[in-house]
file model27.cif (mmCIF, C-alpha atoms)
data_work
#
loop_
_atom_site.group_PDB
_atom_site.id
_atom_site.type_symbol
_atom_site.label_atom_id
_atom_site.label_comp_id
_atom_site.auth_asym_id
_atom_site.auth_seq_id
_atom_site.Cartn_x
_atom_site.Cartn_y
_atom_site.Cartn_z
ATOM 1 C CA MET A 1 -173.154 -41.646 14.889
ATOM 2 C CA THR A 2 -173.358 -37.996 13.843
ATOM 3 C CA ASP A 3 -169.883 -37.451 15.304
ATOM 4 C CA ASP A 4 -167.822 -40.564 15.729
ATOM 5 C CA MET A 5 -164.417 -39.067 15.135
ATOM 6 C CA LEU A 6 -161.316 -40.469 16.774
ATOM 7 C CA ARG A 7 -159.907 -37.771 19.054
ATOM 8 C CA ILE A 8 -156.292 -37.902 20.201
ATOM 9 C CA GLY A 9 -155.117 -34.841 22.081
ATOM 10 C CA LYS A 10 -155.967 -31.846 19.920
ATOM 11 C CA HIS A 11 -156.318 -34.015 16.800
ATOM 12 C CA ALA A 12 -159.491 -35.526 15.333
ATOM 13 C CA PHE A 13 -159.736 -38.127 12.582
ATOM 14 C CA ASN A 14 -162.539 -39.737 10.618
ATOM 15 C CA SER A 15 -160.519 -42.862 9.859
ATOM 16 C CA ARG A 16 -159.582 -45.228 12.683
ATOM 17 C CA LEU A 17 -157.016 -46.994 10.539
ATOM 18 C CA PHE A 18 -153.391 -45.876 10.822
ATOM 19 C CA VAL A 19 -150.942 -47.279 8.276
ATOM 20 C CA GLY A 20 -147.177 -47.527 7.959
ATOM 21 C CA THR A 21 -144.904 -46.828 5.019
ATOM 22 C CA GLY A 22 -142.366 -49.652 5.194
ATOM 23 C CA LYS A 23 -141.812 -52.823 3.133
ATOM 24 C CA TYR A 24 -143.543 -51.651 -0.048
ATOM 25 C CA SER A 25 -141.911 -52.232 -3.430
ATOM 26 C CA SER A 26 -141.848 -48.503 -4.223
ATOM 27 C CA VAL A 27 -142.907 -45.088 -2.979
ATOM 28 C CA GLU A 28 -145.643 -45.097 -5.633
ATOM 29 C CA GLN A 29 -147.075 -48.370 -4.335
ATOM 30 C CA THR A 30 -146.955 -46.887 -0.843
ATOM 31 C CA ARG A 31 -148.963 -43.890 -2.005
ATOM 32 C CA LEU A 32 -151.587 -46.015 -3.738
ATOM 33 C CA ALA A 33 -151.968 -48.295 -0.711
ATOM 34 C CA ILE A 34 -152.417 -45.358 1.659
ATOM 35 C CA GLU A 35 -155.077 -43.901 -0.613
ATOM 36 C CA ALA A 36 -156.887 -47.255 -0.848
ATOM 37 C CA SER A 37 -156.842 -47.612 2.940
ATOM 38 C CA GLY A 38 -158.493 -44.262 3.526
ATOM 39 C CA ALA A 39 -156.052 -43.653 6.378
ATOM 40 C CA GLU A 40 -155.515 -40.093 7.542
ATOM 41 C CA VAL A 41 -152.545 -40.901 9.786
ATOM 42 C CA VAL A 42 -149.386 -42.321 8.239
ATOM 43 C CA THR A 43 -146.365 -43.488 10.216
ATOM 44 C CA VAL A 44 -142.781 -43.157 9.089
ATOM 45 C CA ALA A 45 -139.721 -44.658 10.782
ATOM 46 C CA LEU A 46 -137.421 -41.711 11.381
ATOM 47 C CA ARG A 47 -134.265 -43.783 11.494
ATOM 48 C CA ARG A 48 -134.977 -45.445 8.163
ATOM 49 C CA VAL A 49 -135.603 -42.485 5.872
ATOM 50 C CA ASP A 50 -133.656 -39.406 4.848
ATOM 51 C CA LEU A 51 -135.632 -36.683 6.598
ATOM 52 C CA LYS A 52 -134.065 -33.936 4.477
ATOM 53 C CA ASP A 53 -134.821 -35.533 1.110
ATOM 54 C CA ARG A 54 -138.066 -33.890 -0.008
ATOM 55 C CA GLY A 55 -137.395 -34.373 -3.715
ATOM 56 C CA THR A 56 -139.886 -35.680 -6.264
ATOM 57 C CA GLY A 57 -140.647 -39.352 -5.669
ATOM 58 C CA SER A 58 -139.100 -39.463 -2.194
ATOM 59 C CA MET A 59 -140.801 -40.893 0.879
ATOM 60 C CA MET A 60 -140.603 -37.550 2.661
ATOM 61 C CA GLU A 61 -142.278 -35.804 -0.266
ATOM 62 C CA LEU A 62 -145.145 -38.265 0.061
ATOM 63 C CA VAL A 63 -145.668 -38.056 3.819
ATOM 64 C CA THR A 64 -145.237 -34.284 3.998
ATOM 65 C CA SER A 65 -147.540 -33.591 1.049
ATOM 66 C CA GLY A 66 -150.259 -32.304 3.366
ATOM 67 C CA LYS A 67 -152.635 -35.125 2.471
ATOM 68 C CA PHE A 68 -151.977 -37.026 5.691
ATOM 69 C CA THR A 69 -151.105 -36.439 9.318
ATOM 70 C CA VAL A 70 -147.543 -37.683 9.752
ATOM 71 C CA LEU A 71 -146.924 -39.894 12.776
ATOM 72 C CA PRO A 72 -143.123 -40.145 13.044
ATOM 73 C CA ASN A 73 -141.999 -43.187 15.022
ATOM 74 C CA THR A 74 -138.825 -44.240 16.757
ATOM 75 C CA ALA A 75 -138.564 -47.745 15.281
ATOM 76 C CA GLY A 76 -135.020 -49.007 15.701
ATOM 77 C CA CYS A 77 -134.420 -47.222 19.012
ATOM 78 C CA PHE A 78 -133.315 -49.405 21.932
ATOM 79 C CA THR A 79 -132.955 -46.778 24.666
ATOM 80 C CA ALA A 80 -135.007 -43.886 25.969
ATOM 81 C CA ASP A 81 -132.172 -41.503 25.109
ATOM 82 C CA ASP A 82 -132.135 -42.635 21.466
ATOM 83 C CA ALA A 83 -135.895 -42.277 21.141
ATOM 84 C CA VAL A 84 -136.004 -38.820 22.703
ATOM 85 C CA ARG A 85 -133.056 -37.591 20.621
ATOM 86 C CA THR A 86 -134.642 -38.897 17.427
ATOM 87 C CA LEU A 87 -137.946 -37.121 18.046
ATOM 88 C CA ARG A 88 -136.252 -33.885 19.025
ATOM 89 C CA LEU A 89 -134.431 -33.942 15.688
ATOM 90 C CA ALA A 90 -137.680 -34.583 13.836
ATOM 91 C CA ARG A 91 -139.325 -31.676 15.623
ATOM 92 C CA GLU A 92 -136.488 -29.382 14.556
ATOM 93 C CA LEU A 93 -137.249 -30.407 10.974
ATOM 94 C CA GLY A 94 -140.915 -29.557 11.491
ATOM 95 C CA ILE A 95 -142.495 -33.009 11.305
ATOM 96 C CA ALA A 96 -142.978 -34.082 14.909
ATOM 97 C CA GLU A 97 -145.688 -33.139 17.372
ATOM 98 C CA LEU A 98 -147.936 -36.177 17.277
ATOM 99 C CA VAL A 99 -145.435 -39.024 17.689
ATOM 100 C CA LYS A 100 -145.279 -42.786 18.088
ATOM 101 C CA LEU A 101 -142.850 -43.790 20.817
ATOM 102 C CA GLU A 102 -141.255 -47.169 20.221
ATOM 103 C CA VAL A 103 -138.366 -48.390 22.386
ATOM 104 C CA ILE A 104 -137.427 -51.981 21.606
ATOM 105 C CA GLY A 105 -136.113 -54.271 24.319
ATOM 106 C CA ASP A 106 -135.384 -57.420 22.321
ATOM 107 C CA PRO A 107 -134.204 -57.512 18.683
ATOM 108 C CA LYS A 108 -135.648 -61.000 18.084
ATOM 109 C CA THR A 109 -139.224 -60.531 19.292
ATOM 110 C CA LEU A 110 -139.228 -56.725 18.901
ATOM 111 C CA TYR A 111 -141.096 -56.539 22.183
ATOM 112 C CA PRO A 112 -140.967 -53.083 23.762
ATOM 113 C CA ASP A 113 -138.832 -52.248 26.789
ATOM 114 C CA ASN A 114 -141.363 -51.154 29.391
ATOM 115 C CA GLU A 115 -138.875 -49.333 31.616
ATOM 116 C CA GLN A 116 -137.269 -47.382 28.776
ATOM 117 C CA THR A 117 -140.639 -46.606 27.205
ATOM 118 C CA LEU A 118 -141.943 -45.136 30.461
ATOM 119 C CA GLU A 119 -138.762 -43.082 30.918
ATOM 120 C CA ALA A 120 -138.927 -41.681 27.389
ATOM 121 C CA ALA A 121 -142.650 -40.962 27.660
ATOM 122 C CA LYS A 122 -142.125 -38.826 30.783
ATOM 123 C CA ILE A 123 -139.537 -36.669 29.010
ATOM 124 C CA LEU A 124 -141.502 -36.296 25.770
ATOM 125 C CA VAL A 125 -144.796 -35.411 27.473
ATOM 126 C CA LYS A 126 -143.022 -32.731 29.528
ATOM 127 C CA GLU A 127 -141.548 -31.324 26.320
ATOM 128 C CA GLY A 128 -144.977 -30.939 24.746
ATOM 129 C CA PHE A 129 -145.125 -33.893 22.386
ATOM 130 C CA THR A 130 -148.423 -35.706 21.877
ATOM 131 C CA VAL A 131 -147.179 -39.198 22.663
ATOM 132 C CA LEU A 132 -148.620 -42.478 21.402
ATOM 133 C CA PRO A 133 -146.532 -45.280 22.954
ATOM 134 C CA TYR A 134 -146.180 -48.771 21.507
ATOM 135 C CA CYS A 135 -146.333 -51.154 24.461
ATOM 136 C CA MET A 136 -147.091 -54.665 25.636
ATOM 137 C CA ASP A 137 -150.729 -55.656 26.134
ATOM 138 C CA ASP A 138 -150.113 -55.120 29.849
ATOM 139 C CA PRO A 139 -152.879 -53.292 31.729
ATOM 140 C CA ILE A 140 -150.453 -51.955 34.348
ATOM 141 C CA VAL A 141 -148.022 -50.515 31.809
ATOM 142 C CA CYS A 142 -150.900 -48.965 29.851
ATOM 143 C CA LEU A 143 -152.254 -47.362 33.018
ATOM 144 C CA LYS A 144 -148.830 -45.935 33.909
ATOM 145 C CA LEU A 145 -148.404 -44.497 30.415
ATOM 146 C CA GLU A 146 -151.816 -42.861 30.652
ATOM 147 C CA GLU A 147 -150.973 -41.407 34.078
ATOM 148 C CA ILE A 148 -147.755 -39.941 32.659
ATOM 149 C CA GLY A 149 -149.885 -38.030 30.149
ATOM 150 C CA CYS A 150 -149.720 -40.057 26.944
ATOM 151 C CA ALA A 151 -152.556 -39.112 24.592
ATOM 152 C CA ALA A 152 -153.282 -42.765 23.742
ATOM 153 C CA VAL A 153 -151.872 -46.211 24.421
ATOM 154 C CA MET A 154 -150.957 -48.670 21.678
ATOM 155 C CA PRO A 155 -150.742 -52.240 22.991
ATOM 156 C CA LEU A 156 -149.588 -54.907 20.567
ATOM 157 C CA ALA A 157 -151.875 -57.642 19.282
ATOM 158 C CA ALA A 158 -148.896 -59.902 18.561
ATOM 159 C CA PRO A 159 -145.210 -59.397 17.693
ATOM 160 C CA ILE A 160 -144.444 -56.801 15.007
ATOM 161 C CA GLY A 161 -144.803 -58.227 11.516
ATOM 162 C CA SER A 162 -146.000 -61.638 12.748
ATOM 163 C CA GLY A 163 -149.541 -61.444 11.348
ATOM 164 C CA LEU A 164 -150.771 -63.622 14.228
ATOM 165 C CA GLY A 165 -153.722 -61.391 15.072
ATOM 166 C CA ILE A 166 -154.987 -60.662 18.567
ATOM 167 C CA ARG A 167 -153.422 -63.252 20.894
ATOM 168 C CA ASN A 168 -154.888 -61.994 24.173
ATOM 169 C CA PRO A 169 -158.298 -60.332 23.848
ATOM 170 C CA TYR A 170 -158.808 -60.603 27.608
ATOM 171 C CA ASN A 171 -155.903 -58.292 28.418
ATOM 172 C CA LEU A 172 -157.208 -55.854 25.823
ATOM 173 C CA GLN A 173 -160.612 -55.908 27.509
ATOM 174 C CA ILE A 174 -159.014 -54.991 30.843
ATOM 175 C CA ILE A 175 -157.021 -52.204 29.199
ATOM 176 C CA LEU A 176 -160.198 -50.881 27.574
ATOM 177 C CA GLU A 177 -162.146 -50.978 30.844
ATOM 178 C CA GLN A 178 -159.626 -48.794 32.656
ATOM 179 C CA ALA A 179 -158.478 -46.477 29.860
ATOM 180 C CA LYS A 180 -159.590 -42.868 29.672
ATOM 181 C CA VAL A 181 -157.569 -42.288 26.505
ATOM 182 C CA PRO A 182 -157.897 -43.995 23.108
ATOM 183 C CA VAL A 183 -156.608 -47.557 22.818
ATOM 184 C CA ILE A 184 -155.075 -48.344 19.430
ATOM 185 C CA VAL A 185 -153.977 -51.880 18.608
ATOM 186 C CA ASP A 186 -150.478 -51.734 17.162
ATOM 187 C CA ALA A 187 -148.566 -54.667 15.628
ATOM 188 C CA GLY A 188 -149.481 -58.236 14.759
ATOM 189 C CA VAL A 189 -152.553 -57.678 12.581
ATOM 190 C CA GLY A 190 -152.452 -60.106 9.654
ATOM 191 C CA THR A 191 -155.718 -59.743 7.785
ATOM 192 C CA ALA A 192 -158.985 -57.829 7.716
ATOM 193 C CA SER A 193 -160.765 -60.002 10.291
ATOM 194 C CA ASP A 194 -158.045 -59.184 12.852
ATOM 195 C CA ALA A 195 -158.703 -55.479 12.406
ATOM 196 C CA ALA A 196 -162.459 -55.995 12.659
ATOM 197 C CA ILE A 197 -162.075 -57.963 15.899
ATOM 198 C CA ALA A 198 -159.989 -55.196 17.453
ATOM 199 C CA LEU A 199 -162.684 -52.623 16.721
ATOM 200 C CA GLU A 200 -165.469 -54.991 17.799
ATOM 201 C CA LEU A 201 -163.752 -55.361 21.174
ATOM 202 C CA GLY A 202 -163.986 -51.599 21.580
ATOM 203 C CA CYS A 203 -160.490 -50.544 20.562
ATOM 204 C CA ASP A 204 -160.454 -47.043 19.138
ATOM 205 C CA GLY A 205 -158.232 -47.801 16.182
ATOM 206 C CA VAL A 206 -155.672 -50.059 14.545
ATOM 207 C CA LEU A 207 -152.160 -49.330 13.327
ATOM 208 C CA LEU A 208 -150.697 -51.740 10.794
ATOM 209 C CA ASN A 209 -148.169 -51.984 7.993
ATOM 210 C CA THR A 210 -146.935 -55.472 7.100
ATOM 211 C CA ALA A 211 -150.427 -56.915 6.630
ATOM 212 C CA ILE A 212 -150.936 -54.594 3.669
ATOM 213 C CA ALA A 213 -147.389 -54.253 2.354
ATOM 214 C CA LEU A 214 -146.711 -57.999 2.185
ATOM 215 C CA ALA A 215 -150.131 -59.061 0.930
ATOM 216 C CA LYS A 216 -150.109 -60.588 -2.562
ATOM 217 C CA GLN A 217 -152.289 -57.678 -3.654
ATOM 218 C CA PRO A 218 -151.477 -54.775 -1.300
ATOM 219 C CA LEU A 219 -154.005 -52.331 -2.737
ATOM 220 C CA LEU A 220 -156.835 -54.820 -2.395
ATOM 221 C CA MET A 221 -155.806 -55.620 1.182
ATOM 222 C CA ALA A 222 -155.651 -51.906 1.969
ATOM 223 C CA ALA A 223 -159.259 -51.540 0.820
ATOM 224 C CA ALA A 224 -160.230 -54.622 2.847
ATOM 225 C CA MET A 225 -158.662 -53.131 5.980
ATOM 226 C CA LYS A 226 -160.601 -49.904 5.465
ATOM 227 C CA GLU A 227 -163.875 -51.822 5.271
ATOM 228 C CA ALA A 228 -162.980 -54.093 8.202
ATOM 229 C CA VAL A 229 -162.232 -51.200 10.531
ATOM 230 C CA SER A 230 -165.468 -49.487 9.545
ATOM 231 C CA ALA A 231 -167.503 -52.680 10.020
ATOM 232 C CA GLY A 232 -165.852 -53.477 13.345
ATOM 233 C CA ARG A 233 -166.574 -50.015 14.698
ATOM 234 C CA LYS A 234 -170.221 -50.177 13.616
ATOM 235 C CA ALA A 235 -170.591 -53.621 15.187
ATOM 236 C CA PHE A 236 -169.174 -52.323 18.484
ATOM 237 C CA LEU A 237 -171.466 -49.300 18.512
ATOM 238 C CA SER A 238 -174.512 -51.398 17.633
ATOM 239 C CA GLY A 239 -173.996 -53.740 20.606
ATOM 240 C CA ARG A 240 -173.762 -57.416 19.747
ATOM 241 C CA MET A 241 -176.336 -59.957 20.937
ATOM 242 C CA PRO A 242 -175.427 -61.925 24.080
ATOM 243 C CA ARG A 243 -173.724 -65.275 23.637
ATOM 244 C CA LYS A 244 -175.788 -68.309 24.658
ATOM 245 C CA LEU A 245 -174.790 -71.904 25.235
ATOM 246 C CA TYR A 246 -177.951 -73.338 23.667
ATOM 247 C CA ALA A 247 -180.074 -72.564 20.647
ATOM 248 C CA SER A 248 -182.678 -69.846 20.665
ATOM 249 C CA ALA A 249 -185.345 -69.993 17.945
ATOM 250 C CA SER A 250 -185.360 -66.948 15.721
ATOM 251 C CA SER A 251 -189.072 -67.429 15.023
ATOM 252 C CA PRO A 252 -191.702 -67.281 17.806
ATOM 253 C CA VAL A 253 -193.187 -70.579 18.968
ATOM 254 C CA SER A 254 -196.625 -69.142 19.741
ATOM 255 C CA GLY A 255 -199.392 -69.418 17.171
ATOM 256 C CA LEU A 256 -197.992 -72.476 15.422
ATOM 257 C CA ILE A 257 -200.297 -74.100 12.858
ATOM 258 C CA GLU A 258 -201.346 -77.526 14.161
#

call {"tool": "encode", "arguments": {"input": "model27.cif", "output": "structure tokens"}}
result
Amino acid sequence: MTDDMLRIGKHAFNSRLFVGTGKYSSVEQTRLAIEASGAEVVTVALRRVDLKDRGTGSMMELVTSGKFTVLPNTAGCFTADDAVRTLRLARELGIAELVKLEVIGDPKTLYPDNEQTLEAAKILVKEGFTVLPYCMDDPIVCLKLEEIGCAAVMPLAAPIGSGLGIRNPYNLQIILEQAKVPVIVDAGVGTASDAAIALELGCDGVLLNTAIALAKQPLLMAAAMKEAVSAGRKAFLSGRMPRKLYASASSPVSGLIE
């Protein structure tokens, strides 16, 4: 474990926890939660902040402070055209190279639109963006996104903001088996054990927001997520014992005292 950095395109990170900036009570609480999480990558929804407001106490002042790598995302976009246009604008303002592509297909479930996501990814990759697409936990879609040239794939664990945790670990295992790029679980994480499970399965990272922002004590949950991701990664690297149907004595049976 001398070098266990997460590498995405030309970027390298020590932390495998990515955090969002929405739903907090204030920009100051956002800052404190990010610091407690130890995250190096911070997402910001481009359509929900004033990108030009860099004044003291603003969200853009926080995320462009140089302390974090900004991962602008296209939350709120429902077409490939909208997503591409939004990221082009962000690049003109100097905050978009590593980007999260999110094209929603259904406003109720917030599930991604596979067709529109693939279309947008093709355009953005050709234009030189380092693209991290939010997608269904669908092995075929993940493979297609990788073949297009996405630097990572980000399958959901459960619907955005649901806190349900990983609903289909078997699909994630298939995605992990075939992937040659990092796999980052995005959406649905509710508590620290969910994050740990994702890393124990072999996922390369976790992106979350609501689980911290809506916790009763966000800063404490942020610290818990940091520890969970670290523990999950170490457990994966260590190689867990095989599961057995029946008991196996932890002490040897030879040499028993009669």

call {"tool": "closest_atom_pairs", "arguments": {"input": "model27.cif", "of": "range 24-62 of chain A", "to": "range 193-214 of chain A", "cutoff": "12 Å", "atoms": "all atoms listed in the file", "output": "JSON lines"}}
result
{"residue": "A:Tyr24", "atom": "CA", "partner": "A:Ala213", "partner_atom": "CA", "distance": 5.2}
{"residue": "A:Ser25", "atom": "CA", "partner": "A:Ala213", "partner_atom": "CA", "distance": 8.2}
{"residue": "A:Ser26", "atom": "CA", "partner": "A:Ala213", "partner_atom": "CA", "distance": 10.3}
{"residue": "A:Val27", "atom": "CA", "partner": "A:Ala213", "partner_atom": "CA", "distance": 11.5}
{"residue": "A:Gln29", "atom": "CA", "partner": "A:Ala213", "partner_atom": "CA", "distance": 8.9}
{"residue": "A:Thr30", "atom": "CA", "partner": "A:Ala213", "partner_atom": "CA", "distance": 8.0}
{"residue": "A:Arg31", "atom": "CA", "partner": "A:Ala213", "partner_atom": "CA", "distance": 11.4}
{"residue": "A:Leu32", "atom": "CA", "partner": "A:Ala213", "partner_atom": "CA", "distance": 11.1}
{"residue": "A:Ala33", "atom": "CA", "partner": "A:Ile212", "partner_atom": "CA", "distance": 7.7}
{"residue": "A:Ile34", "atom": "CA", "partner": "A:Ile212", "partner_atom": "CA", "distance": 9.6}
{"residue": "A:Ala36", "atom": "CA", "partner": "A:Ile212", "partner_atom": "CA", "distance": 10.5}
{"residue": "A:Ser37", "atom": "CA", "partner": "A:Ile212", "partner_atom": "CA", "distance": 9.2}
{"residue": "A:Ala39", "atom": "CA", "partner": "A:Leu207", "partner_atom": "CA", "distance": 9.8}
{"residue": "A:Glu40", "atom": "CA", "partner": "A:Leu207", "partner_atom": "CA", "distance": 11.4}
{"residue": "A:Val41", "atom": "CA", "partner": "A:Leu207", "partner_atom": "CA", "distance": 9.2}
{"residue": "A:Val42", "atom": "CA", "partner": "A:Leu207", "partner_atom": "CA", "distance": 9.1}
{"residue": "A:Thr43", "atom": "CA", "partner": "A:Leu207", "partner_atom": "CA", "distance": 8.8}
{"residue": "A:Val44", "atom": "CA", "partner": "A:Asn209", "partner_atom": "CA", "distance": 10.4}
{"residue": "A:Ala45", "atom": "CA", "partner": "A:Asn209", "partner_atom": "CA", "distance": 11.5}

call {"tool": "resolve_selection", "arguments": {"input": "model27.cif", "expression": "the PyMOL selection byres ((chain A and resi 123) around 12)", "output": "list of chain:residue names"}}
result
A:Ala80, A:Asp81, A:Ala83, A:Val84, A:Arg85, A:Leu87, A:Arg88, A:Leu101, A:Gln116, A:Thr117, A:Leu118, A:Glu119, A:Ala120, A:Ala121, A:Lys122, A:Leu124, A:Val125, A:Lys126, A:Glu127, A:Gly128, A:Phe129, A:Thr130, A:Val131, A:Leu145, A:Ile148, A:Gly149, A:Cys150

call {"tool": "resolve_selection", "arguments": {"input": "model27.cif", "expression": "the PyMOL selection byres ((chain A and resi 13) around 10)", "output": "JSON list (two decimals) with C-alpha atoms, in the coordinates of the input"}}
result
[["chain", "number", "residue", "atom", "x", "y", "z"],
["A", 4, "ASP", "CA", -167.82, -40.56, 15.73],
["A", 5, "MET", "CA", -164.42, -39.07, 15.14],
["A", 6, "LEU", "CA", -161.32, -40.47, 16.77],
["A", 7, "ARG", "CA", -159.91, -37.77, 19.05],
["A", 8, "ILE", "CA", -156.29, -37.90, 20.20],
["A", 11, "HIS", "CA", -156.32, -34.02, 16.80],
["A", 12, "ALA", "CA", -159.49, -35.53, 15.33],
["A", 14, "ASN", "CA", -162.54, -39.74, 10.62],
["A", 15, "SER", "CA", -160.52, -42.86, 9.86],
["A", 16, "ARG", "CA", -159.58, -45.23, 12.68],
["A", 17, "LEU", "CA", -157.02, -46.99, 10.54],
["A", 39, "ALA", "CA", -156.05, -43.65, 6.38],
["A", 40, "GLU", "CA", -155.51, -40.09, 7.54],
["A", 41, "VAL", "CA", -152.54, -40.90, 9.79],
["A", 69, "THR", "CA", -151.10, -36.44, 9.32]]

call {"tool": "closest_residue", "arguments": {"input": "model27.cif", "among": "A:Gly66, A:Gly239, A:Pro107, A:Pro159", "to": "Ile95 in chain A", "atoms": "all atoms listed in the file"}}
result
A:Gly66

call {"tool": "residues_near_point", "arguments": {"input": "model27.cif", "point": "(-158.2, -50.0, 24.1)", "cutoff": "12 Å", "atoms": "only C-alpha atoms", "output": "mmCIF file with C-alpha atoms, keeping the file's coordinate frame"}}
result
data_model
loop_
_atom_site.group_PDB
_atom_site.id
_atom_site.type_symbol
_atom_site.label_atom_id
_atom_site.label_comp_id
_atom_site.auth_asym_id
_atom_site.auth_seq_id
_atom_site.Cartn_x
_atom_site.Cartn_y
_atom_site.Cartn_z
ATOM 1 C CA CYS A 135 -146.333 -51.154 24.461
ATOM 2 C CA ASP A 137 -150.729 -55.656 26.134
ATOM 3 C CA ASP A 138 -150.113 -55.120 29.849
ATOM 4 C CA PRO A 139 -152.879 -53.292 31.729
ATOM 5 C CA CYS A 142 -150.900 -48.965 29.851
ATOM 6 C CA LEU A 143 -152.254 -47.362 33.018
ATOM 7 C CA GLU A 146 -151.816 -42.861 30.652
ATOM 8 C CA ALA A 152 -153.282 -42.765 23.742
ATOM 9 C CA VAL A 153 -151.872 -46.211 24.421
ATOM 10 C CA MET A 154 -150.957 -48.670 21.678
ATOM 11 C CA PRO A 155 -150.742 -52.240 22.991
ATOM 12 C CA LEU A 156 -149.588 -54.907 20.567
ATOM 13 C CA ALA A 157 -151.875 -57.642 19.282
ATOM 14 C CA PRO A 169 -158.298 -60.332 23.848
ATOM 15 C CA TYR A 170 -158.808 -60.603 27.608
ATOM 16 C CA ASN A 171 -155.903 -58.292 28.418
ATOM 17 C CA LEU A 172 -157.208 -55.854 25.823
ATOM 18 C CA GLN A 173 -160.612 -55.908 27.509
ATOM 19 C CA ILE A 174 -159.014 -54.991 30.843
ATOM 20 C CA ILE A 175 -157.021 -52.204 29.199
ATOM 21 C CA LEU A 176 -160.198 -50.881 27.574
ATOM 22 C CA GLU A 177 -162.146 -50.978 30.844
ATOM 23 C CA GLN A 178 -159.626 -48.794 32.656
ATOM 24 C CA ALA A 179 -158.478 -46.477 29.860
ATOM 25 C CA LYS A 180 -159.590 -42.868 29.672
ATOM 26 C CA VAL A 181 -157.569 -42.288 26.505
ATOM 27 C CA PRO A 182 -157.897 -43.995 23.108
ATOM 28 C CA VAL A 183 -156.608 -47.557 22.818
ATOM 29 C CA ILE A 184 -155.075 -48.344 19.430
ATOM 30 C CA VAL A 185 -153.977 -51.880 18.608
ATOM 31 C CA ASP A 186 -150.478 -51.734 17.162
ATOM 32 C CA ALA A 198 -159.989 -55.196 17.453
ATOM 33 C CA LEU A 199 -162.684 -52.623 16.721
ATOM 34 C CA GLU A 200 -165.469 -54.991 17.799
ATOM 35 C CA LEU A 201 -163.752 -55.361 21.174
ATOM 36 C CA GLY A 202 -163.986 -51.599 21.580
ATOM 37 C CA CYS A 203 -160.490 -50.544 20.562
ATOM 38 C CA ASP A 204 -160.454 -47.043 19.138
ATOM 39 C CA GLY A 205 -158.232 -47.801 16.182
ATOM 40 C CA VAL A 206 -155.672 -50.059 14.545
#

call {"tool": "closest_residue", "arguments": {"input": "model27.cif", "among": "A:Ala215, A:Ala192, A:Met136, A:Leu237", "to": "Arg167 in chain A", "atoms": "only C-alpha atoms"}}
result
A:Met136

call {"tool": "residues_around", "arguments": {"input": "model27.cif", "residues": "Glu28 in chain A", "least_positions_apart": "6", "cutoff": "10 Å", "atoms": "all atoms listed in the file", "output": "PDB file with C-alpha atoms, keeping the file's coordinate frame"}}
result
ATOM      1  CA  ILE A  34    -152.417 -45.358   1.659  1.00  0.00           C
ATOM      2  CA  GLY A  57    -140.647 -39.352  -5.669  1.00  0.00           C
ATOM      3  CA  SER A  58    -139.100 -39.463  -2.194  1.00  0.00           C
ATOM      4  CA  MET A  59    -140.801 -40.893   0.879  1.00  0.00           C
ATOM      5  CA  LEU A  62    -145.145 -38.265   0.061  1.00  0.00           C
TER       6      LEU A  62
END

call {"tool": "atom_distance", "arguments": {"input": "model27.cif", "atom1": "CA of Thr79 in chain A", "atom2": "CA of Arg91 in chain A"}}
result
18.7 Å

call {"tool": "atom_distance", "arguments": {"input": "model27.cif", "atom1": "CA of Val141 in chain A", "atom2": "CA of Ser230 in chain A"}}
result
28.3 Å

call {"tool": "closest_residue", "arguments": {"input": "model27.cif", "among": "A:Ala222, A:Leu46, A:Ala96, A:Ile140", "to": "Val70 in chain A", "atoms": "all atoms listed in the file"}}
result
A:Ala96

call {"tool": "residues_around", "arguments": {"input": "model27.cif", "residues": "Ala223 in chain A", "least_positions_apart": "3", "cutoff": "8 Å", "atoms": "only C-alpha atoms", "output": "list in words"}}
result
Ala36, Ser37, Gly38, Leu219, Leu220, Lys226 and Glu227 of chain A

call {"tool": "write_last_selection", "arguments": {"input": "model27.cif", "atoms": "C-alpha atoms", "output": "tab-separated table (two decimals), in the coordinates of the input"}}
result
chain	number	residue	atom	x	y	z
A	36	ALA	CA	-156.89	-47.26	-0.85
A	37	SER	CA	-156.84	-47.61	2.94
A	38	GLY	CA	-158.49	-44.26	3.53
A	219	LEU	CA	-154.00	-52.33	-2.74
A	220	LEU	CA	-156.84	-54.82	-2.40
A	226	LYS	CA	-160.60	-49.90	5.46
A	227	GLU	CA	-163.88	-51.82	5.27

call {"tool": "closest_residue", "arguments": {"input": "model27.cif", "among": "A:Gly161, A:Pro133, A:Gly232, A:Pro112", "to": "Gly76 in chain A", "atoms": "only C-alpha atoms"}}
result
A:Pro112

call {"tool": "atom_distance", "arguments": {"input": "model27.cif", "atom1": "CA of Lys67 in chain A", "atom2": "CA of Ala90 in chain A"}}
result
18.8 Å
